[in-house]
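Below is the file protein-v1.cif, which contains mmCIF, C-alpha atoms.
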```cif
data_input
loop_
_atom_site.label_atom_id
_atom_site.label_comp_id
_atom_site.auth_asym_id
_atom_site.auth_seq_id
_atom_site.Cartn_x
_atom_site.Cartn_y
_atom_site.Cartn_z
CA MET A 203 4.68 11.14 -30.96
CA SER A 204 7.40 9.48 -28.96
CA LEU A 205 9.04 12.87 -28.47
CA THR A 206 5.79 14.36 -27.18
CA LEU A 207 5.39 11.50 -24.73
CA ASP A 208 9.00 11.87 -23.62
CA LEU A 209 8.50 15.59 -23.04
CA PHE A 210 5.37 14.80 -21.03
CA THR A 211 7.39 12.36 -18.92
CA VAL A 212 10.15 14.88 -18.33
CA ALA A 213 7.65 17.59 -17.36
CA ALA A 214 5.57 15.43 -15.01
CA VAL A 215 8.53 13.73 -13.31
CA SER A 216 10.35 17.05 -12.86
CA LEU A 217 7.26 18.63 -11.36
CA GLY A 218 6.88 15.62 -9.08
CA ALA A 219 10.49 16.06 -7.94
CA VAL A 220 9.72 19.72 -7.11
CA PHE A 221 6.94 18.56 -4.80
CA PHE A 222 9.31 16.15 -3.05
CA LEU A 223 11.63 19.09 -2.54
CA ALA A 224 8.68 21.06 -1.14
CA GLY A 225 7.91 18.20 1.25
CA THR A 226 11.49 18.20 2.53
CA LEU A 227 11.55 21.99 2.85
CA GLY A 228 8.26 21.91 4.74
CA LEU A 229 9.57 19.19 7.03
CA LEU A 230 12.64 21.27 7.80
CA ARG A 231 11.11 24.75 7.89
CA PHE A 232 7.62 24.42 9.35
CA PRO A 233 7.53 25.40 13.02
CA ASP A 234 5.63 22.53 14.66
CA THR A 235 5.13 18.80 14.25
CA LEU A 236 1.54 18.95 12.99
CA SER A 237 2.36 21.59 10.36
CA ARG A 238 5.26 19.41 9.20
CA LEU A 239 2.83 16.51 8.88
CA HIS A 240 0.72 18.65 6.53
CA ALA A 241 3.73 19.26 4.32
CA LEU A 242 4.63 15.60 4.31
CA THR A 243 1.31 14.03 3.43
CA LYS A 244 0.06 16.55 0.90
CA ALA A 245 3.23 17.46 -0.99
CA ASP A 246 4.61 13.92 -1.11
CA ASN A 247 1.46 12.29 -2.36
CA LEU A 248 1.18 14.84 -5.13
CA GLY A 249 4.87 14.32 -5.94
CA LEU A 250 4.43 10.55 -6.13
CA GLY A 251 1.27 10.97 -8.21
CA LEU A 252 3.11 13.14 -10.73
CA VAL A 253 6.03 10.72 -10.93
CA VAL A 254 3.59 7.85 -11.60
CA LEU A 255 1.74 9.95 -14.18
CA GLY A 256 5.02 10.75 -15.90
CA LEU A 257 6.13 7.11 -15.94
CA LEU A 258 2.92 5.78 -17.53
CA PRO A 259 3.92 6.61 -21.16
CA GLN A 260 7.26 4.85 -20.63
CA VAL A 261 5.62 1.55 -19.74
CA ALA A 262 4.38 -0.57 -22.60
CA SER A 263 2.10 -3.11 -20.94
CA PRO A 264 -1.32 -2.37 -19.44
CA LEU A 265 -0.32 -4.61 -16.55
CA GLY A 266 2.57 -2.26 -15.89
CA TRP A 267 0.19 0.72 -15.84
CA ILE A 268 -2.11 -0.99 -13.39
CA GLY A 269 0.88 -1.88 -11.22
CA LEU A 270 2.12 1.72 -11.15
CA ILE A 271 -1.32 3.08 -10.35
CA ALA A 272 -1.79 0.42 -7.66
CA VAL A 273 1.44 1.53 -5.99
CA TRP A 274 0.26 5.14 -6.06
CA LEU A 275 -3.20 4.31 -4.69
CA LEU A 276 -1.69 2.20 -1.92
CA ALA A 277 0.73 5.01 -1.02
CA LEU A 278 -2.17 7.47 -1.07
CA LEU A 279 -4.30 5.31 1.19
CA SER A 280 -1.49 4.52 3.61
CA GLY A 281 -0.30 8.14 3.60
CA ALA A 282 -3.75 9.47 4.47
CA THR A 283 -4.31 6.82 7.15
CA ALA A 284 -0.84 7.10 8.66
CA GLY A 285 -1.09 10.90 8.59
CA GLN A 286 -4.32 10.80 10.53
CA LEU A 287 -2.95 8.27 13.03
CA LEU A 288 0.26 10.25 13.54
CA ALA A 289 -1.72 13.46 13.99
CA GLY A 290 -3.73 11.76 16.73
CA ALA A 291 -0.55 10.52 18.38
CA VAL A 292 1.44 13.76 18.26
CA ARG A 293 -1.24 16.31 19.11
CA PRO A 294 -0.17 18.31 22.14
CA PRO A 295 -1.96 17.30 25.35
CA GLU A 296 -3.64 20.68 25.51
CA TRP A 297 -5.09 20.33 22.01
CA ALA A 298 -8.66 20.49 23.26
CA ARG A 299 -8.00 23.77 25.03
CA LEU A 300 -6.40 25.11 21.88
CA THR A 301 -9.71 24.76 20.08
CA ALA A 302 -11.43 26.78 22.80
CA PRO A 303 -12.47 30.42 22.37
CA GLY A 304 -10.41 32.25 19.85
CA PRO A 305 -11.03 35.49 18.04
CA GLY A 306 -14.31 35.33 16.21
CA LYS A 307 -15.10 31.75 17.11
CA ASP A 308 -18.51 31.01 18.45
CA THR A 309 -17.89 28.48 21.15
CA ALA A 310 -19.83 27.10 24.05
CA ASP A 311 -17.87 26.23 27.15
CA ASP A 312 -19.38 23.96 29.69
CA MET B 932 -25.84 -5.02 -3.16
CA SER B 933 -26.72 -7.69 -0.60
CA LEU B 934 -24.23 -8.47 2.12
CA PRO B 935 -23.07 -11.99 1.07
CA LEU B 936 -22.58 -10.66 -2.43
CA SER B 937 -20.47 -7.77 -1.20
CA ARG B 938 -18.37 -10.28 0.78
CA MET B 939 -17.76 -12.34 -2.32
CA ALA B 940 -16.95 -9.19 -4.28
CA ARG B 941 -14.22 -8.45 -1.75
CA GLY B 942 -12.74 -11.92 -2.13
CA VAL B 943 -12.79 -11.63 -5.92
CA GLY B 944 -11.20 -8.20 -5.65
CA PHE B 945 -8.37 -9.48 -3.47
CA PHE B 946 -7.73 -12.42 -5.80
CA GLY B 947 -7.68 -10.07 -8.76
CA PHE B 948 -5.16 -7.88 -6.95
CA TRP B 949 -3.04 -10.93 -6.21
CA LEU B 950 -3.09 -11.92 -9.89
CA LEU B 951 -1.99 -8.40 -10.69
CA LEU B 952 0.92 -8.54 -8.26
CA ALA B 953 1.94 -12.05 -9.31
CA GLY B 954 2.31 -10.43 -12.69
CA PRO B 955 2.76 -11.64 -16.22
CA GLY B 956 4.29 -14.93 -15.11
CA VAL B 957 1.03 -16.38 -13.86
CA LEU B 958 -1.08 -14.75 -16.56
CA ASP B 959 1.17 -16.07 -19.34
CA VAL B 960 0.86 -19.55 -17.94
CA ALA B 961 -2.89 -19.12 -18.00
CA ALA B 962 -2.56 -18.17 -21.65
CA GLY B 963 -0.89 -21.49 -22.37
CA THR B 964 2.84 -20.93 -22.04
CA PRO B 965 3.80 -22.67 -18.81
CA SER B 966 7.22 -21.61 -17.58
CA GLY B 967 7.50 -23.81 -14.50
CA GLY B 968 5.18 -26.60 -15.57
CA PRO B 969 1.49 -27.00 -14.75
CA VAL B 970 2.19 -28.22 -11.21
CA ALA B 971 4.12 -25.08 -10.27
CA TRP B 972 1.41 -23.00 -11.89
CA ALA B 973 -1.35 -24.74 -9.92
CA ALA B 974 0.70 -24.34 -6.74
CA GLU B 975 0.97 -20.61 -7.37
CA LEU B 976 -2.76 -20.31 -7.91
CA VAL B 977 -3.52 -22.25 -4.70
CA LEU B 978 -1.15 -19.94 -2.84
CA GLY B 979 -2.93 -16.93 -4.32
CA LEU B 980 -6.34 -18.32 -3.37
CA LEU B 981 -5.19 -18.93 0.20
CA ALA B 982 -3.71 -15.44 0.40
CA SER B 983 -6.89 -13.81 -0.88
CA LEU B 984 -9.02 -15.90 1.51
CA ALA B 985 -6.87 -14.70 4.42
CA ALA B 986 -7.09 -11.12 3.18
CA THR B 987 -10.88 -11.36 2.84
CA TRP B 988 -11.20 -12.78 6.34
CA ALA B 989 -9.04 -10.02 7.83
CA SER B 990 -10.85 -7.35 5.85
CA LEU B 991 -14.32 -8.55 6.90
CA ARG B 992 -13.18 -8.67 10.53
CA LEU B 993 -11.58 -5.26 10.55
CA LEU B 994 -14.01 -3.52 8.23
CA PRO B 995 -17.41 -5.23 8.32
CA PRO B 996 -19.70 -4.38 5.41
CA ALA B 997 -21.53 -1.21 6.40
CA PRO B 998 -25.27 -0.84 6.09
CA GLY B 999 -26.65 1.61 3.60
CA ARG B 1000 -26.04 1.88 -0.09
CA VAL B 1001 -23.29 3.54 -2.06
CA ARG B 1002 -24.32 5.81 -4.93
CA PHE B 1003 -21.64 5.31 -7.54
CA THR B 1004 -22.35 8.32 -9.73
CA THR B 1005 -21.90 10.62 -6.74
CA LEU B 1006 -18.84 8.60 -5.76
CA ALA B 1007 -17.32 9.50 -9.12
CA ARG B 1008 -18.01 13.17 -8.40
CA LEU B 1009 -16.41 12.78 -4.98
CA ALA B 1010 -13.35 11.15 -6.58
CA ALA B 1011 -13.04 14.02 -9.07
CA ARG B 1012 -13.33 16.56 -6.27
CA PHE B 1013 -10.75 14.61 -4.26
CA LEU B 1014 -8.29 14.57 -7.15
CA TRP B 1015 -8.61 18.29 -7.81
CA GLN B 1016 -8.59 19.33 -4.15
CA SER B 1017 -5.57 17.13 -3.33
CA ILE B 1018 -3.68 18.80 -6.17
CA LEU B 1019 -4.62 22.21 -4.73
CA ALA B 1020 -3.54 20.96 -1.28
CA GLY B 1021 -0.11 19.94 -2.55
CA VAL B 1022 0.36 23.23 -4.42
CA ASP B 1023 -0.80 25.21 -1.39
CA VAL B 1024 1.62 23.51 0.99
CA ALA B 1025 4.47 23.69 -1.54
CA LEU B 1026 3.98 27.44 -2.05
CA ARG B 1027 4.09 27.95 1.70
CA ALA B 1028 7.21 25.79 2.06
CA PHE B 1029 9.06 27.64 -0.74
CA ASP B 1030 8.00 31.12 0.40
CA PRO B 1031 10.87 32.81 2.29
CA ARG B 1032 8.35 34.49 4.61
CA LEU B 1033 6.84 31.10 5.51
CA PRO B 1034 3.20 32.27 5.55
CA LEU B 1035 1.51 30.04 8.12
CA ASN B 1036 -1.31 30.73 10.51
CA PRO B 1037 -1.76 27.35 12.15
CA GLY B 1038 -4.44 26.57 14.66
CA TYR B 1039 -7.25 24.24 15.61
CA LEU B 1040 -10.81 24.11 14.40
CA ALA B 1041 -13.58 21.91 15.78
CA TYR B 1042 -15.83 20.86 12.94
CA PRO B 1043 -19.21 19.54 14.13
CA LEU B 1044 -19.25 16.45 11.93
CA ARG B 1045 -22.71 14.87 12.00
CA ILE B 1046 -21.54 11.48 10.71
CA ARG B 1047 -21.43 9.09 13.66
CA ALA B 1048 -20.42 5.69 12.27
CA ASP B 1049 -16.78 5.06 13.22
CA THR B 1050 -15.64 3.72 9.87
CA ASP B 1051 -17.19 6.61 8.00
CA ARG B 1052 -15.62 9.11 10.39
CA ALA B 1053 -12.21 7.52 9.84
CA LEU B 1054 -12.70 7.52 6.07
CA PHE B 1055 -13.88 11.12 6.12
CA GLY B 1056 -10.84 11.99 8.22
CA ALA B 1057 -8.48 10.25 5.81
CA TYR B 1058 -10.15 12.01 2.88
CA THR B 1059 -9.95 15.44 4.48
CA SER B 1060 -6.35 14.92 5.59
CA LEU B 1061 -5.44 15.30 1.92
CA MET B 1062 -7.59 18.42 1.42
CA PRO B 1063 -5.93 21.84 1.46
CA GLY B 1064 -4.76 22.88 4.91
CA THR B 1065 -6.72 20.40 7.03
CA LEU B 1066 -5.50 17.50 9.16
CA PRO B 1067 -7.84 15.73 11.61
CA VAL B 1068 -6.28 15.18 15.03
CA GLY B 1069 -9.20 13.62 16.92
CA SER B 1070 -12.75 13.90 18.17
CA ASP B 1071 -13.67 16.04 21.14
CA THR B 1072 -16.22 14.99 23.74
CA ASN B 1073 -19.05 16.63 21.80
CA GLY B 1074 -18.29 14.44 18.83
CA ALA B 1075 -16.86 17.26 16.74
CA LEU B 1076 -13.91 16.35 14.56
CA VAL B 1077 -10.97 18.56 15.54
CA TYR B 1078 -8.73 19.71 12.71
CA HIS B 1079 -5.28 21.16 12.73
CA CYS B 1080 -5.26 23.83 10.04
CA LEU B 1081 -2.31 25.40 8.27
CA ASP B 1082 -4.09 28.71 7.79
CA LEU B 1083 -7.11 29.64 9.89
CA GLU B 1084 -7.84 32.58 7.57
CA LYS B 1085 -9.05 30.20 4.89
CA PRO B 1086 -12.77 29.28 4.71
CA ILE B 1087 -12.07 25.83 6.10
CA ALA B 1088 -15.42 25.03 7.71
CA ALA B 1089 -17.23 25.86 4.46
CA GLY B 1090 -14.97 23.50 2.51
CA LEU B 1091 -15.49 20.72 5.04
CA ALA B 1092 -19.25 21.25 4.93
CA GLY B 1093 -19.12 20.81 1.15
CA ASP B 1094 -17.13 17.60 1.56
CA GLU B 1095 -19.55 16.29 4.16
CA ALA B 1096 -22.61 17.08 2.04
CA LEU B 1097 -21.15 15.17 -0.91
CA TRP B 1098 -20.10 12.33 1.38
CA ARG B 1099 -23.64 11.99 2.74
CA ARG B 1100 -25.04 11.74 -0.76
CA VAL B 1101 -22.59 8.97 -1.61
CA ARG B 1102 -23.42 7.00 1.52
CA MET B 1103 -27.19 6.91 1.60
CA GLY B 1104 -28.10 5.88 5.14
CA GLY B 1105 -25.96 3.88 7.54
CA LEU B 1106 -24.04 6.90 8.78
CA GLY B 1107 -25.36 6.66 12.34
CA ASP B 1108 -26.52 10.25 12.28
CA GLU B 1109 -27.62 12.14 15.32
CA MET C 1023 15.21 9.05 -21.43
CA ASN C 1024 16.66 6.44 -19.07
CA GLU C 1025 19.42 8.83 -18.04
CA PHE C 1026 16.79 11.40 -17.14
CA LEU C 1027 14.79 8.88 -15.10
CA LEU C 1028 17.93 7.77 -13.25
CA ALA C 1029 18.85 11.40 -12.55
CA ALA C 1030 15.32 12.08 -11.29
CA ALA C 1031 15.54 9.03 -9.01
CA GLY C 1032 18.84 10.35 -7.66
CA PHE C 1033 17.37 13.82 -7.12
CA VAL C 1034 14.35 12.48 -5.22
CA LEU C 1035 16.57 10.26 -3.06
CA VAL C 1036 18.94 13.13 -2.19
CA THR C 1037 15.96 15.38 -1.44
CA VAL C 1038 14.30 12.97 0.96
CA ALA C 1039 17.70 12.15 2.47
CA LEU C 1040 18.05 15.86 3.30
CA GLY C 1041 14.83 15.46 5.24
CA LEU C 1042 16.75 13.14 7.54
CA ILE C 1043 18.25 16.27 9.10
CA ARG C 1044 14.94 16.31 10.95
CA ILE C 1045 15.98 13.05 12.62
CA LEU C 1046 19.06 14.76 14.02
CA ARG C 1047 17.19 17.88 15.08
CA GLY C 1048 14.11 16.21 16.47
CA PRO C 1049 12.95 17.55 18.88
CA GLY C 1050 10.40 14.81 19.45
CA ASP C 1051 10.27 11.20 18.33
CA ALA C 1052 7.27 12.14 16.21
CA ASP C 1053 9.36 14.57 14.17
CA ARG C 1054 11.84 11.78 13.55
CA ILE C 1055 9.19 9.34 12.38
CA LEU C 1056 8.00 12.02 9.94
CA ALA C 1057 11.42 12.00 8.30
CA ALA C 1058 11.17 8.22 8.04
CA GLN C 1059 7.75 8.57 6.39
CA LEU C 1060 9.20 11.03 3.90
CA LEU C 1061 11.95 8.55 3.13
CA GLY C 1062 9.27 5.93 2.57
CA THR C 1063 7.29 7.91 0.00
CA GLY C 1064 10.42 9.25 -1.67
CA GLY C 1065 11.91 5.77 -1.72
CA VAL C 1066 8.81 4.45 -3.47
CA ALA C 1067 9.06 7.19 -6.11
CA ALA C 1068 12.79 6.57 -6.61
CA MET C 1069 12.23 2.84 -6.97
CA LEU C 1070 9.47 3.28 -9.53
CA LEU C 1071 11.77 5.57 -11.54
CA LEU C 1072 14.62 3.05 -11.26
CA GLY C 1073 12.33 0.19 -12.21
CA VAL C 1074 11.18 1.85 -15.42
CA ALA C 1075 14.68 3.10 -16.28
CA THR C 1076 16.30 -0.31 -15.83
CA GLY C 1077 13.37 -2.35 -17.10
CA LEU C 1078 13.47 -4.64 -14.08
CA PRO C 1079 9.86 -5.56 -13.27
CA GLY C 1080 10.70 -6.73 -9.74
CA VAL C 1081 11.49 -3.19 -8.64
CA THR C 1082 7.81 -2.23 -8.74
CA ASP C 1083 7.10 -5.04 -6.25
CA LEU C 1084 9.84 -3.66 -4.04
CA ALA C 1085 8.20 -0.23 -4.21
CA LEU C 1086 4.89 -1.78 -3.17
CA LEU C 1087 6.63 -3.50 -0.26
CA LEU C 1088 8.29 -0.27 0.84
CA ALA C 1089 4.95 1.59 0.78
CA LEU C 1090 3.51 -1.18 2.95
CA LEU C 1091 6.43 -1.10 5.40
CA ALA C 1092 6.21 2.70 5.73
CA ALA C 1093 2.55 2.35 6.69
CA PHE C 1094 3.40 -0.39 9.21
CA ALA C 1095 6.15 1.78 10.69
CA ALA C 1096 3.69 4.62 11.28
CA VAL C 1097 1.10 2.28 12.80
CA ALA C 1098 3.73 0.67 15.04
CA PHE C 1099 4.89 4.10 16.21
CA VAL C 1100 1.34 5.17 17.04
CA ALA C 1101 0.58 1.87 18.79
CA GLY C 1102 3.78 2.22 20.80
CA SER C 1103 3.06 5.81 21.76
CA GLY C 1104 -0.09 4.67 23.54
CA ARG C 1105 -2.46 7.22 22.11
CA GLY C 1106 -5.62 6.34 20.27
CA ALA C 1107 -6.51 6.96 16.68
CA ALA C 1108 -8.03 10.18 15.50
CA GLY C 1109 -11.41 8.51 15.16
CA GLY C 1110 -12.05 7.94 18.84
CA ALA C 1111 -12.91 10.53 21.45
CA THR C 1112 -10.43 10.82 24.30
CA PRO C 1113 -12.31 11.49 27.51
CA GLY C 1114 -10.41 13.46 30.11
CA VAL C 1115 -8.47 15.39 27.53
CA ALA C 1116 -11.24 17.15 25.73
CA GLU C 1117 -12.89 19.18 28.41
CA GLY C 1118 -13.24 22.35 26.36
CA GLY C 1119 -15.58 21.03 23.70
CA THR C 1120 -16.69 23.52 21.12
CA GLY C 1121 -19.47 23.62 18.66
CA GLY C 1122 -17.25 25.98 16.77
CA GLU C 1123 -18.01 27.51 13.43
CA GLU C 1124 -14.99 29.07 11.90
CA PRO C 1125 -15.20 32.62 10.55
CA GLU C 1126 -14.94 32.81 6.81
#
```

Would you write out, as structure tokens, the structure that this file holds?
Amino acid sequence: MSLTLDLFTVAAVSLGAVFFLAGTLGLLRFPDTLSRLHALTKADNLGLGLVVLGLLPQVASPLGWIGLIAVWLLALLSGATAGQLLAGAVRPPEWARLTAPGPGKDTADD
Amino acid sequence: MSLPLSRMARGVGFFGFWLLLAGPGVLDVAAGTPSGGPVAWAAELVLGLLASLAATWASLRLLPPAPGRVRFTTLARLAARFLWQSILAGVDVALRAFDPRLPLNPGYLAYPLRIRADTDRALFGAYTSLMPGTLPVGSDTNGALVYHCLDLEKPIAAGLAGDEALWRRVRMGGLGDE
Amino acid sequence: MNEFLLAAAGFVLVTVALGLIRILRGPGDADRILAAQLLGTGGVAAMLLLGVATGLPGVTDLALLLALLAAFAAVAFVAGSGRGAAGGATPGVAEGGTGGEEPE
């Protein structure tokens, strides 16, 4: 039983680490700021979630579980909010024009 | 849930969270094994009460209770969808980041969001910022929510419409619709 | 098990530290704050791993604090940059409004 739980921990934490690596790669490789922000918020939150999931079997007390999950939820909430705020702050000044007529878009200019 | 009741629920929630953060120390004392004596224990509790009062005050100021009712069964469905979609979002972005060809087709999409209430728009934006390939960057003058998308080839508007439909069913009324 | 958790904490820290290259490269301040955000989330994960591996309960509180500070850093950056939040319309910028439906 303990071995199964340990294997679960190793699998989940390792997978979580892979997503942190993906977040870093995205931050370094993606071509523009907003795309990098995608990589950051989505990959990191999944990475943190997997790390928390993997740590749960290693913690004995229910209070410890709640604490871990609280940290994850707070990081999720602040990541989503900060991501949205940063996106609003870093959008290029011409962002509205960029949404204007593109191939196949039905748009109405006024 | 009536408004004063929902205010009290917030206060109770914050105090519960404080108890959680204060950890086993305070809870053990409550169970009858005082570590720093009853005075220190009472002082901690008073501190926690003050902190949760301040948090409740700030929360009610910044995020007043919204009108309308929340349907909790649909909220559970929304949470399940969120969990699954945010996993897909992480996998999607990771595959793109690891791919040597770096398959991206970024661009903007104006989604005509019909929800008008500010708080709900912000919450919807935060929710969708963790969905695959979407990141809200602002509202245009027509009130559409503008998204930066990682891959415009994906059926993004359809996904957002599904999210919005579920969202509307959770928040019955009080969305300030057009 | 503890050795594995410590190694994982080290791996995550090194990974997010690599992201700091973005601070050197920039080009904009926003790109740099992204690297700081990455360090925040990665730091939280590393601390949780360390906390469980070492059995020190206080480390979880530190992780909570770091998550909070990372959020404050982002909000402070946005407030300092003088642009509004995503929720509000920005008149004068958005002249090309669209009622766009995206092709499937």

Margin query: Between atom CA of A:Gly281 and atom CA of A:Thr243, what is the distance in Å, rounded to a tenth?
Written below: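 Separating atom CA of A:Gly281 from atom CA of A:Thr243 is a distance of 6.1 Å.
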
Next item on the list: Mind checking which residues fall within 12 Å of B:Leu1033, counting all atoms listed in the file, ignoring those fewer than 2 positions away in the same chain, and posting them as a PyMOL selection string?
Entry: (chain A and resi 227-228+230-233+237) or (chain B and resi 1023-1031+1035-1037+1081-1082)

Margin query: Would you pick out the contacts of stretch 974-990 of chain B at 6 Å or less, using only C-alpha atoms, so that residues sharing its chain but fewer than 5 positions from it are not included, and give the list as a ChimeraX atom specification?
Written below: /B:942,945-946

Filtering to C-alpha atoms, could you give me those residues as an mmCIF file, in the coordinates of the input?
```
data_model
loop_
_atom_site.group_PDB
_atom_site.id
_atom_site.type_symbol
_atom_site.label_atom_id
_atom_site.label_comp_id
_atom_site.auth_asym_id
_atom_site.auth_seq_id
_atom_site.Cartn_x
_atom_site.Cartn_y
_atom_site.Cartn_z
ATOM 1 C CA GLY B 942 -12.740 -11.920 -2.130
ATOM 2 C CA PHE B 945 -8.370 -9.480 -3.470
ATOM 3 C CA PHE B 946 -7.730 -12.420 -5.800
#
```

Selection in question (the file shown): the PyMOL selection byres ((chain A and resi 271-274) around 8). Which residues does it include, as a compact mmCIF listing (two decimals) with C-alpha atoms, in the frame of the given file?
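Wrote it out as out-v1.txt, contents follow:
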```txt
# COMPACT_ATOMS: atom_id res chain seq x y z
CA LEU A 250 4.43 10.55 -6.13
CA GLY A 251 1.27 10.97 -8.21
CA VAL A 254 3.59 7.85 -11.60
CA TRP A 267 0.19 0.72 -15.84
CA ILE A 268 -2.11 -0.99 -13.39
CA GLY A 269 0.88 -1.88 -11.22
CA LEU A 270 2.12 1.72 -11.15
CA LEU A 275 -3.20 4.31 -4.69
CA LEU A 276 -1.69 2.20 -1.92
CA ALA A 277 0.73 5.01 -1.02
CA LEU A 278 -2.17 7.47 -1.07
CA THR C 1082 7.81 -2.23 -8.74
CA ALA C 1085 8.20 -0.23 -4.21
CA LEU C 1086 4.89 -1.78 -3.17
CA ALA C 1089 4.95 1.59 0.78
```

Checklist line | Ground truth for the PyMOL selection byres ((chain B) within 10 of (chain A)), written as a ChimeraX atom specification | finding: /B:948,951-952,954-955,1014,1017-1029,1031,1033-1041,1053-1054,1056-1072,1077-1082

Could you write out as lines of an AutoDock Vina configuration file the box around stretch 214-224 of chain A (axis-aligned, all atoms listed in the file, 4 Å on each side), with centre and edge lengths in Å to one decimal?
```
center_x = 8.6
center_y = 17.4
center_z = -8.1
size_x = 14.1
size_y = 15.3
size_z = 21.9
```

Checklist line | Pick from C:Pro1049, C:Pro1079, C:Gly1062, C:Gly1032, whichever lies nearest to chain B using only C-alpha atoms | finding: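 Using only C-alpha atoms, the shortest distance to chain B belongs to C:Pro1079.
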
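With atom CA of C:Ala1030 on one side and atom CA of C:Ala1058 on the other, the separation reads 20.1 Å.
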
Margin query: To one decimal place in Å, what is the distance between atom CA of C:Gln1059 and atom CA of B:Ala953?
Written below: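 Computed distance, atom CA of C:Gln1059 to atom CA of B:Ala953, equals 26.6 Å.
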
Margin query: Under the PyMOL selection byres ((chain C and resi 1023) around 10), which residues of this model are included? Write them out as a PyMOL selection string.
Written below: (chain A and resi 208-209+211-212+260) or (chain C and resi 1024-1029+1075)

Given the selection you just returned, output its residues as a file containing C-alpha atoms, formatted as a short mmCIF file (atom, residue, chain, number, x, y, z; two decimals), keeping the file's coordinate frame.
```
data_model
loop_
_atom_site.label_atom_id
_atom_site.label_comp_id
_atom_site.auth_asym_id
_atom_site.auth_seq_id
_atom_site.Cartn_x
_atom_site.Cartn_y
_atom_site.Cartn_z
CA ASP A 208 9.00 11.87 -23.62
CA LEU A 209 8.50 15.59 -23.04
CA THR A 211 7.39 12.36 -18.92
CA VAL A 212 10.15 14.88 -18.33
CA GLN A 260 7.26 4.85 -20.63
CA ASN C 1024 16.66 6.44 -19.07
CA GLU C 1025 19.42 8.83 -18.04
CA PHE C 1026 16.79 11.40 -17.14
CA LEU C 1027 14.79 8.88 -15.10
CA LEU C 1028 17.93 7.77 -13.25
CA ALA C 1029 18.85 11.40 -12.55
CA ALA C 1075 14.68 3.10 -16.28
#
```

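Closest approach to chain A from the set C:Leu1088, C:Val1036, C:Ile1045, C:Ala1096 is made by C:Ala1096, with distances taken over all atoms listed in the file.
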
Margin query: Here is a test: counting only C-alpha atoms, which residue of B:Trp949, B:Arg1002, B:Gly1074, B:Leu993 is nearest to chain C?
Written below: B:Gly1074

Next item on the list: Identify which of the residues A:Leu205, A:Ala213, A:Leu258, A:Ala219 lies closest to chain C, counting only C-alpha atoms when measuring atom-to-atom distances.
Entry: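 The shortest atom-to-atom distance to chain C comes from A:Ala219.
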
Margin query: My list of candidates is C:Leu1084, C:Ala1031, C:Leu1072, C:Val1038. Which is closest to chain B when distances are computed with all atoms listed in the file?
Written below: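 Among C:Leu1084, C:Ala1031, C:Leu1072, C:Val1038, it is C:Leu1084 that comes nearest to chain B.
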